[in-house]
>>> print(open('model_2.txt').read())   # compact mmCIF, C-alpha atoms and all ligand atoms
# COMPACT_ATOMS: atom_id res chain seq x y z
CA MET A 738 5.38 -34.93 -43.11
CA TYR A 739 8.59 -34.28 -45.05
CA PHE A 740 9.20 -35.85 -48.42
CA PRO A 741 12.73 -35.22 -49.68
CA CYS A 742 12.72 -35.07 -53.48
CA LYS A 743 13.82 -32.96 -56.38
CA ASP A 744 10.60 -31.13 -57.15
CA HIS A 745 10.86 -31.30 -60.91
CA PRO A 746 9.04 -33.45 -63.49
CA SER A 747 12.31 -34.84 -64.87
CA ASP A 748 13.06 -36.65 -61.62
CA GLU A 749 11.27 -39.98 -61.28
CA PRO A 750 12.44 -42.92 -59.15
CA ASN A 751 12.97 -45.58 -61.83
CA GLU A 752 12.77 -48.50 -59.41
CA GLY A 753 9.43 -47.41 -58.00
CA VAL A 754 8.43 -46.61 -54.46
CA ASP A 755 7.52 -48.30 -51.16
CA MET A 756 5.14 -46.54 -48.79
CA LYS A 757 4.28 -47.70 -45.29
CA ILE A 758 1.46 -45.78 -43.66
CA THR A 759 0.15 -46.42 -40.15
CA ILE A 760 -3.38 -45.29 -39.36
CA PRO A 761 -6.24 -46.03 -36.92
CA ALA A 762 -7.53 -49.53 -37.74
CA ASN A 763 -11.04 -48.32 -38.65
CA LEU A 764 -9.67 -46.45 -41.67
CA VAL A 765 -8.24 -47.63 -45.02
CA VAL A 766 -5.27 -46.37 -47.10
CA ALA A 767 -5.50 -46.19 -50.91
CA GLY A 768 -2.10 -45.94 -52.59
CA PRO A 769 -0.15 -46.48 -55.80
CA GLY A 770 0.92 -49.90 -57.08
CA LEU A 771 0.32 -53.13 -55.19
CA LEU A 772 -0.93 -53.59 -51.65
CA MET A 773 1.80 -55.83 -50.20
CA SER A 774 0.41 -56.19 -46.68
CA VAL A 775 -1.83 -54.75 -43.99
CA LYS A 776 -0.57 -55.43 -40.47
CA THR A 777 -2.87 -54.62 -37.57
CA LYS A 778 -1.57 -54.26 -34.03
CA LYS A 779 -3.96 -53.22 -31.27
CA ASN A 780 -6.03 -50.46 -32.87
CA LYS A 781 -3.56 -49.44 -35.60
CA SER A 782 -2.98 -50.78 -39.11
CA THR A 783 0.11 -50.40 -41.29
CA TYR A 784 -0.47 -50.44 -45.05
CA HIS A 785 2.45 -51.32 -47.29
CA TRP A 786 1.92 -50.03 -50.85
CA LYS A 787 4.59 -50.75 -53.43
CA THR A 788 4.90 -49.74 -57.07
CA ASN A 789 7.62 -51.21 -59.24
CA TYR A 790 7.08 -48.71 -62.04
CA THR A 791 8.77 -45.37 -62.53
CA ILE A 792 6.51 -42.69 -61.02
CA SER A 793 6.27 -38.88 -60.94
CA ASN A 794 6.90 -37.54 -57.47
CA TYR A 795 3.50 -35.84 -57.31
CA CYS A 796 1.93 -39.28 -57.82
CA ILE A 797 3.64 -40.66 -54.73
CA LEU A 798 0.61 -40.06 -52.63
CA PHE A 799 -2.04 -41.83 -50.61
CA ASN A 800 -5.60 -41.19 -49.48
CA ILE A 801 -7.05 -42.25 -46.14
CA GLY A 802 -10.77 -42.73 -45.64
CA LYS A 803 -13.60 -44.96 -44.51
CA TYR A 804 -13.32 -46.87 -47.74
CA ASN A 805 -14.84 -50.05 -49.06
CA VAL A 806 -12.96 -51.67 -51.93
CA ALA A 807 -15.06 -52.67 -54.94
CA LYS A 808 -13.18 -55.08 -57.21
CA ASP A 809 -13.36 -56.37 -60.74
CA THR A 810 -10.99 -57.43 -63.54
CA TYR A 811 -10.24 -55.85 -66.90
CA THR A 812 -8.69 -57.64 -69.89
CA THR A 813 -6.43 -55.25 -71.79
CA ILE A 814 -6.18 -54.82 -75.55
CA LYS A 815 -3.14 -57.14 -75.38
CA GLY A 816 -5.00 -59.77 -73.36
CA ASN A 817 -3.47 -59.03 -69.95
CA LYS A 818 -5.77 -59.33 -66.96
CA VAL A 819 -5.60 -56.31 -64.63
CA PRO A 820 -7.38 -55.96 -61.29
CA ILE A 821 -9.72 -52.97 -60.96
CA GLU A 822 -9.96 -51.60 -57.43
CA TYR A 823 -12.27 -48.77 -56.52
CA TYR A 824 -11.77 -47.26 -53.07
CA VAL A 825 -15.27 -45.92 -52.54
CA LEU A 826 -16.41 -44.17 -49.35
CA GLU A 827 -18.62 -46.53 -47.34
CA ALA A 828 -21.64 -44.27 -47.73
CA ASP A 829 -21.36 -44.36 -51.55
CA THR A 830 -20.81 -48.10 -52.01
CA ALA A 831 -24.02 -48.46 -54.02
CA GLN A 832 -22.45 -46.27 -56.75
CA ALA A 833 -19.39 -48.50 -57.20
CA LYS A 834 -20.74 -50.88 -59.81
CA MET A 835 -21.59 -48.04 -62.18
CA VAL A 836 -18.18 -46.35 -61.77
CA ILE A 837 -16.41 -49.64 -62.50
CA GLU A 838 -18.52 -50.26 -65.61
CA LEU A 839 -17.68 -46.77 -66.91
CA LYS A 840 -14.05 -47.32 -66.11
CA LYS A 841 -13.96 -50.50 -68.22
CA ARG A 842 -15.65 -48.73 -71.13
CA ASP A 843 -13.31 -45.72 -70.80
CA THR A 844 -10.26 -48.01 -70.73
CA LYS A 845 -11.36 -49.51 -74.06
CA ILE A 846 -11.60 -46.03 -75.61
CA LEU A 847 -8.22 -44.92 -74.26
CA GLU A 848 -6.54 -48.17 -75.34
CA LYS A 849 -7.94 -47.79 -78.87
CA TYR A 850 -6.21 -44.44 -79.33
CA PHE A 851 -3.19 -44.67 -77.03
CA GLY A 852 -2.35 -48.36 -76.63
CA GLU A 853 -2.56 -50.79 -73.72
CA TYR A 854 -3.31 -49.56 -70.19
CA PRO A 855 0.18 -48.55 -69.02
CA TRP A 856 0.31 -50.25 -65.59
CA ALA A 857 -1.03 -53.69 -66.47
CA LYS A 858 1.24 -55.49 -63.95
CA GLU A 859 -0.27 -53.58 -61.04
CA LYS A 860 -3.83 -52.31 -61.11
CA ILE A 861 -6.46 -49.93 -62.40
CA GLY A 862 -7.17 -47.95 -59.23
CA ILE A 863 -9.66 -45.24 -58.37
CA ALA A 864 -10.22 -43.46 -55.06
CA GLU A 865 -13.14 -41.22 -54.17
CA VAL A 866 -11.99 -37.88 -52.73
CA PRO A 867 -13.65 -34.58 -51.79
CA ASN A 868 -11.69 -32.47 -54.32
CA SER A 869 -11.69 -32.22 -58.09
CA GLY A 870 -9.35 -35.18 -58.53
CA MET A 871 -5.81 -35.89 -59.66
CA GLU A 872 -3.93 -38.33 -61.87
CA HIS A 873 -2.23 -40.35 -59.11
CA GLN A 874 -0.66 -43.28 -60.89
CA THR A 875 -2.69 -46.51 -60.57
CA MET A 876 -5.00 -44.76 -58.09
CA ILE A 877 -6.53 -41.80 -59.85
CA THR A 878 -8.81 -39.71 -57.69
CA PHE A 879 -12.05 -38.06 -58.72
CA ASP A 880 -15.17 -36.50 -57.29
CA ASN A 881 -17.98 -36.11 -59.79
CA LYS A 882 -20.67 -36.44 -57.05
CA PHE A 883 -21.83 -39.38 -59.21
CA LYS A 884 -23.33 -37.01 -61.73
CA TYR A 885 -23.08 -38.04 -65.36
CA LYS A 886 -23.73 -36.57 -68.78
CA THR A 887 -25.66 -38.66 -71.27
CA ILE A 888 -24.02 -38.96 -74.67
CA ASN A 889 -26.05 -40.88 -77.20
CA GLY A 890 -27.79 -42.76 -74.38
CA GLN A 891 -24.52 -43.55 -72.59
CA GLN A 892 -23.40 -42.20 -69.22
CA TYR A 893 -20.13 -40.27 -69.15
CA SER A 894 -18.10 -38.23 -66.64
CA ASP A 895 -15.55 -35.64 -67.82
CA ASN A 896 -13.84 -35.63 -64.45
CA LEU A 897 -13.40 -39.39 -64.30
CA PHE A 898 -12.28 -39.61 -67.93
CA HIS A 899 -9.84 -36.68 -67.82
CA GLU A 900 -7.99 -37.91 -64.74
CA TYR A 901 -7.91 -41.39 -66.22
CA ALA A 902 -6.48 -40.17 -69.56
CA HIS A 903 -3.53 -38.91 -67.51
CA GLU A 904 -2.45 -42.52 -66.89
CA TRP A 905 -1.21 -42.29 -70.50
CA TRP A 906 -0.59 -38.51 -70.76
CA ALA A 907 1.39 -37.47 -67.66
CA ASN A 908 2.13 -40.77 -65.97
CA LYS A 909 3.35 -42.83 -68.92
CA VAL A 910 4.30 -39.97 -71.28
CA THR A 911 5.82 -37.36 -68.98
CA ASN A 912 7.06 -33.92 -70.02
CA LYS A 913 10.66 -33.16 -69.19
CA ASP A 914 9.99 -29.72 -67.81
CA TRP A 915 6.97 -27.71 -66.64
CA ALA A 916 7.45 -25.69 -69.86
CA HIS A 917 5.98 -28.59 -71.87
CA MET A 918 3.03 -29.26 -69.56
CA TRP A 919 0.60 -28.73 -72.47
CA ILE A 920 1.59 -32.22 -73.67
CA GLN A 921 0.08 -33.75 -70.53
CA GLU A 922 -2.89 -31.45 -70.03
CA GLY A 923 -3.62 -30.64 -73.67
CA ILE A 924 -3.63 -34.24 -74.87
CA ALA A 925 -5.54 -35.47 -71.79
CA THR A 926 -8.15 -32.80 -72.60
CA TYR A 927 -8.13 -33.79 -76.27
CA ALA A 928 -8.71 -37.39 -75.12
CA GLU A 929 -12.07 -36.19 -73.76
CA ALA A 930 -12.99 -35.11 -77.30
CA LEU A 931 -11.96 -38.55 -78.57
CA ALA A 932 -14.29 -40.09 -75.98
CA MET A 933 -17.05 -37.97 -77.53
CA LEU A 934 -16.05 -39.22 -80.98
CA GLU A 935 -16.46 -42.80 -79.75
CA LEU A 936 -19.72 -42.25 -77.87
CA GLY A 937 -21.48 -39.67 -80.02
CA GLY A 938 -19.59 -39.44 -83.32
CA GLU A 939 -18.21 -36.31 -85.02
CA VAL A 940 -21.15 -34.17 -83.84
CA ALA A 941 -20.38 -34.81 -80.15
CA TYR A 942 -16.65 -34.43 -80.84
CA ASN A 943 -17.19 -31.05 -82.55
CA THR A 944 -19.41 -29.80 -79.74
CA MET A 945 -16.68 -30.49 -77.21
CA ILE A 946 -13.89 -29.07 -79.40
CA ASP A 947 -15.95 -25.94 -79.90
CA GLY A 948 -16.17 -25.59 -76.13
CA HIS A 949 -12.38 -25.91 -75.91
CA ARG A 950 -12.02 -23.21 -78.57
CA ARG A 951 -14.36 -20.83 -76.78
CA GLY A 952 -12.29 -21.24 -73.61
CA VAL A 953 -9.04 -20.10 -75.29
CA LYS A 954 -7.79 -16.91 -73.62
CA ASN A 955 -4.54 -16.33 -75.54
CA ARG A 956 -3.13 -14.17 -72.77
CA LYS A 957 0.13 -16.13 -72.61
CA ALA A 958 1.80 -18.58 -74.95
CA MET A 959 1.49 -22.24 -73.95
CA VAL A 960 5.27 -22.83 -74.15
CA LEU A 961 7.16 -19.99 -72.50
CA GLY A 962 10.68 -21.45 -72.44
CA ASP A 963 12.47 -23.84 -70.12
CA GLU A 964 12.97 -23.59 -66.38
CA ILE A 965 9.82 -21.72 -65.53
CA THR A 966 7.72 -22.59 -62.53
CA GLU A 967 4.67 -24.81 -62.53
CA GLU A 968 2.57 -21.80 -61.43
CA GLU A 969 3.67 -19.78 -64.48
CA VAL A 970 2.68 -22.61 -66.80
CA TYR A 971 -0.75 -23.12 -65.26
CA SER A 972 -1.53 -19.42 -64.78
CA GLY A 973 -2.23 -18.81 -68.49
CA GLY A 974 -4.97 -21.45 -68.42
CA ASP A 975 -4.59 -22.40 -72.08
CA ILE A 976 -2.65 -25.64 -71.75
CA TYR A 977 -5.99 -27.49 -71.44
CA GLY A 978 -8.39 -26.11 -74.03
CA LYS A 979 -5.93 -24.58 -76.49
CA GLY A 980 -3.72 -27.65 -76.10
CA SER A 981 -6.71 -29.78 -77.10
CA PHE A 982 -7.68 -27.44 -79.94
CA PHE A 983 -4.12 -27.58 -81.23
CA MET A 984 -4.43 -31.36 -81.54
CA HIS A 985 -7.71 -30.84 -83.39
CA SER A 986 -6.03 -28.45 -85.86
CA LEU A 987 -3.13 -30.85 -86.29
CA ARG A 988 -5.57 -33.70 -86.99
CA TYR A 989 -7.06 -31.69 -89.86
CA LEU A 990 -3.69 -30.50 -91.16
CA ILE A 991 -2.09 -33.93 -91.50
CA GLY A 992 -5.21 -36.10 -91.85
CA ASP A 993 -6.56 -38.96 -89.73
CA GLU A 994 -4.47 -41.66 -91.42
CA VAL A 995 -1.26 -39.99 -90.16
CA PHE A 996 -2.53 -38.22 -87.05
CA PHE A 997 -4.00 -41.15 -85.11
CA PRO A 998 -1.15 -43.68 -85.62
CA THR A 999 1.39 -40.95 -84.75
CA LEU A 1000 -0.45 -40.01 -81.57
CA LYS A 1001 -0.51 -43.68 -80.62
CA SER A 1002 3.18 -44.01 -81.34
CA LEU A 1003 3.90 -41.06 -79.01
CA ALA A 1004 2.09 -42.99 -76.27
CA THR A 1005 3.66 -46.38 -76.97
CA ASN A 1006 7.21 -45.93 -78.32
CA PRO A 1007 9.75 -46.64 -75.51
CA LYS A 1008 11.64 -43.51 -76.65
CA TYR A 1009 8.85 -41.33 -75.26
CA THR A 1010 7.44 -43.36 -72.37
CA TYR A 1011 8.10 -44.66 -68.82
CA ASP A 1012 11.78 -43.86 -67.99
CA ASN A 1013 12.01 -41.32 -70.81
CA PHE A 1014 10.63 -37.81 -71.04
CA VAL A 1015 9.28 -35.63 -73.82
CA THR A 1016 9.56 -32.02 -74.90
CA THR A 1017 7.56 -29.96 -77.38
CA ASP A 1018 10.36 -30.48 -79.93
CA ASP A 1019 10.12 -34.28 -79.55
CA VAL A 1020 6.41 -34.14 -80.31
CA GLU A 1021 6.94 -31.80 -83.27
CA LYS A 1022 9.73 -33.93 -84.75
CA LEU A 1023 7.65 -37.09 -84.47
CA PHE A 1024 4.65 -35.53 -86.23
CA SER A 1025 6.89 -33.83 -88.84
CA THR A 1026 8.62 -37.11 -89.67
CA SER A 1027 5.45 -39.15 -89.90
CA SER A 1028 3.60 -36.56 -91.98
CA GLY A 1029 6.58 -35.76 -94.21
CA LYS A 1030 5.95 -32.03 -93.54
CA ASN A 1031 8.03 -29.55 -91.57
CA LEU A 1032 5.48 -28.75 -88.88
CA LYS A 1033 7.81 -26.62 -86.76
CA PRO A 1034 6.29 -23.30 -87.92
CA PHE A 1035 2.82 -24.60 -87.08
CA PHE A 1036 3.85 -25.86 -83.63
CA ASP A 1037 5.66 -22.58 -82.93
CA PHE A 1038 2.71 -20.47 -84.03
CA TYR A 1039 0.14 -22.28 -81.85
CA LEU A 1040 2.34 -23.08 -78.89
CA ARG A 1041 4.87 -20.27 -78.62
CA THR A 1042 2.72 -17.27 -79.62
CA THR A 1043 -0.76 -16.00 -78.80
CA ASP A 1044 -1.47 -15.14 -82.45
CA VAL A 1045 -4.33 -16.57 -84.47
CA LEU A 1046 -4.33 -16.97 -88.24
CA ASP A 1047 -5.15 -13.67 -89.92
CA VAL A 1048 -7.10 -14.58 -93.04
CA SER A 1049 -8.29 -12.01 -95.56
CA VAL A 1050 -10.89 -12.43 -98.32
CA LYS A 1051 -10.71 -9.67 -100.90
CA GLU A 1052 -13.02 -9.15 -103.88
CA ILE A 1053 -10.60 -8.39 -106.70
CA GLY A 1054 -12.85 -8.58 -109.75
CA PHE A 1055 -16.19 -9.89 -111.00
CA GLN A 1056 -16.93 -13.03 -108.92
CA LYS A 1057 -13.21 -13.24 -108.15
CA TYR A 1058 -11.75 -13.39 -104.66
CA GLN A 1059 -8.25 -13.47 -103.26
CA ILE A 1060 -7.80 -15.50 -100.06
CA LYS A 1061 -4.60 -15.04 -98.10
CA VAL A 1062 -3.16 -15.86 -94.68
CA ASN A 1063 -1.30 -12.69 -93.73
CA ASN A 1064 0.72 -13.71 -90.71
CA PHE A 1065 1.67 -17.33 -91.36
CA PHE A 1066 3.60 -18.53 -94.38
CA MET A 1067 3.50 -22.31 -94.36
CA PRO A 1068 0.98 -23.64 -96.93
CA LEU A 1069 -2.10 -24.80 -95.02
CA PRO A 1070 -5.19 -26.73 -96.12
CA PHE A 1071 -8.52 -24.94 -95.61
CA ASP A 1072 -12.11 -25.94 -96.19
CA ILE A 1073 -13.59 -23.32 -98.52
CA ILE A 1074 -17.23 -23.03 -99.49
CA ALA A 1075 -17.64 -21.44 -102.90
CA ASN A 1076 -20.64 -21.79 -105.23
CA ASP A 1077 -22.35 -24.00 -102.61
CA LYS A 1078 -19.54 -26.55 -102.77
CA ILE A 1079 -17.03 -27.34 -100.04
CA ASN A 1080 -13.44 -28.15 -101.03
CA LYS A 1081 -10.25 -28.72 -99.08
CA VAL A 1082 -7.77 -26.31 -100.68
CA ILE A 1083 -4.12 -25.61 -99.88
CA ILE A 1084 -3.50 -21.89 -99.43
CA PRO A 1085 0.16 -21.08 -100.13
CA ALA A 1086 2.03 -18.06 -98.69
CA GLU A 1087 1.12 -15.86 -101.64
CA GLY A 1088 -2.59 -16.70 -101.30
CA ILE A 1089 -5.02 -18.04 -103.91
CA ILE A 1090 -7.62 -16.62 -106.22
CA ILE A 1091 -10.94 -18.39 -106.60
CA ASN A 1092 -14.06 -17.74 -108.61
CA SER A 1093 -17.29 -17.64 -106.68
CA ILE A 1094 -20.72 -16.07 -107.09
CA PHE A 1095 -20.74 -14.97 -103.44
CA SER A 1096 -17.96 -14.22 -100.98
CA PRO A 1097 -16.43 -17.62 -100.14
CA GLN A 1098 -16.63 -19.05 -96.62
CA ILE A 1099 -13.32 -20.10 -95.06
CA ASP A 1100 -12.92 -22.95 -92.56
CA PRO A 1101 -16.66 -23.14 -91.76
CA LYS A 1102 -16.24 -26.15 -89.46
CA GLY A 1103 -13.60 -24.38 -87.38
CA PHE A 1104 -10.40 -26.38 -87.66
CA TYR A 1105 -8.19 -23.37 -86.90
CA LEU A 1106 -7.96 -20.48 -84.47
CA LYS A 1107 -8.36 -17.57 -86.84
CA LYS A 1108 -9.67 -14.11 -87.57
CA ILE A 1109 -11.23 -13.47 -90.98
CA THR A 1110 -11.39 -10.04 -92.58
CA ILE A 1111 -13.61 -9.58 -95.63
CA TYR A 1112 -12.81 -6.61 -97.88
ZN ZN A 1201 -5.42 -32.71 -66.06
>>> encode(input="model_2.txt", output="structure tokens")
Amino acid sequence: MYFPCKDHPSDEPNEGVDMKITIPANLVVAGPGLLMSVKTKKNKSTYHWKTNYTISNYCILFNIGKYNVAKDTYTTIKGNKVPIEYYVLEADTAQAKMVIELKKRDTKILEKYFGEYPWAKEKIGIAEVPNSGMEHQTMITFDNKFKYKTINGQQYSDNLFHEYAHEWWANKVTNKDWAHMWIQEGIATYAEALAMLELGGEVAYNTMIDGHRRGVKNRKAMVLGDEITEEEVYSGGDIYGKGSFFMHSLRYLIGDEVFFPTLKSLATNPKYTYDNFVTTDDVEKLFSTSSGKNLKPFFDFYLRTTDVLDVSVKEIGFQKYQIKVNNFFMPLPFDIIANDKINKVIIPAEGIIINSIFSPQIDPKGFYLKKITIY
């Protein structure tokens, strides 16, 4: 099959897409948007799927299988009723109810942080596939083999949640170039940590963030410059975990009262969504404006280099220590434990001196990627 298109994220058909797929009548086609008609002639059926929304070309896709369709309805945060359709393989039909229940719960979490489900005029769609899944708009695919984690007594699937978070981060908020792919993958991965925050509180959130941190390779910067290939962007591997950890650091740096509304505004402001595209600079400018801080050095450090903060703790006198960040000069807040007390302290470029009985502990909860040297 040939599909003529400009194979670049900045090219989306604004008026949507029609797809007509003819298959043997014993099979079913799952596609994006609305199912306009199914016409059966002799032993063949033609499925007409139509989406009226702007859509990334890699989401213009369909799956064919021996599917049953499990249905339900979801009421969005704005009160719109959206059909839920789960294209489940016939053999797995008994699992459908559970998947749909999780999907409703996950929608609530995603709407809380990122605003209303983006495709409310069409559907919430899921199709079971035999691969790791993909964020196909209004028909995300997944294959978790119906295995779930239990978080605080509640069932949860990373695979299902991650692909679903892409309805906001990738499908609604789309990066303009492969170079900025961390926005889609990093924030969708960070969304998984927010699911933990909802289901299991800060402890579950921190456990997941710590996993993201441990996965950071720092072999290549996350943003390597425009006009690079998709393969080059994905080959470093850090756009997922380091992208998520970057959001975690940013949350600490600017505080929850600025971070969460700004993240939501990135996902809801027409300037950044649907027909429009985003770059790393757009994200930085938005967070800089809302926090009243010039965050460009911080964005550049995390996203355009593989460096980590180089922090030194030097004993310079009796119970006196100098703490300094040696390779980054924007004042940053740090949690410091000194004399058994934890304080959030701003460390300026020239460093600070604190009094402490023992060598102070810097950033014990791990808000930054860093290396600490104690002299
Ligand atoms: Zn992803």
>>> atom_distance(input="model_2.txt", atom1="CA of Ile1091 in chain A", atom2="CA of Tyr1058 in chain A")
5.4 Å
>>> residues_around(input="model_2.txt", residues="Gln921 in chain A", least_positions_apart="6", cutoff="12 Å", atoms="only C-alpha atoms", output="PyMOL selection string")
chain A and resi 746+872+899-915+927-928+971+976-978+980-981+1003-1004+1014-1017+1020
>>> closest_residue(input="model_2.txt", among="A:Ile965, A:Val970, A:Ile797, A:Leu1000", to="Tyr850 in chain A", atoms="only C-alpha atoms")
A:Leu1000
>>> closest_residue(input="model_2.txt", among="A:Ser894, A:Thr999, A:Thr926, A:Thr887", to="ligand ZN 1201 (chain A)", atoms="all atoms listed in the file")
A:Thr926
>>> axis_aligned_box(input="model_2.txt", around="range 828-840 of chain A", padding_each_side="4 Å", output="JSON")
{"center_x": -19.0, "center_y": -47.6, "center_z": -57.3, "size_x": 18.0, "size_y": 14.6, "size_z": 27.2}
>>> residues_around(input="model_2.txt", residues="Ile1090 in chain A", least_positions_apart="4", cutoff="8 Å", atoms="all atoms listed in the file", output="JSON, numbers by chain")
{"A": [1057, 1058, 1059, 1060]}
>>> residues_around(input="model_2.txt", residues="Pro1101 in chain A", least_positions_apart="5", cutoff="9 Å", atoms="only C-alpha atoms", output="ChimeraX atom specification")
/A:1072-1074
>>> closest_residue(input="model_2.txt", among="A:Trp919, A:Phe1036, A:Phe1065, A:Phe997", to="ligand ZN 1201 (chain A)", atoms="only C-alpha atoms and all ligand atoms")
A:Trp919
>>> closest_residue(input="model_2.txt", among="A:Lys1030, A:Lys1061, A:His949, A:Lys1008", to="Met984 in chain A", atoms="all atoms listed in the file")
A:His949
>>> closest_residue(input="model_2.txt", among="A:Val836, A:Leu931, A:Ile801, A:Leu936", to="Arg988 in chain A", atoms="only C-alpha atoms")
A:Leu931
>>> closest_residue(input="model_2.txt", among="A:Gln892, A:Arg1041, A:Asn800, A:His745", to="Phe879 in chain A", atoms="all atoms listed in the file")
A:Asn800
>>> atom_distance(input="model_2.txt", atom1="CA of Gly923 in chain A", atom2="CA of Phe982 in chain A")
8.1 Å
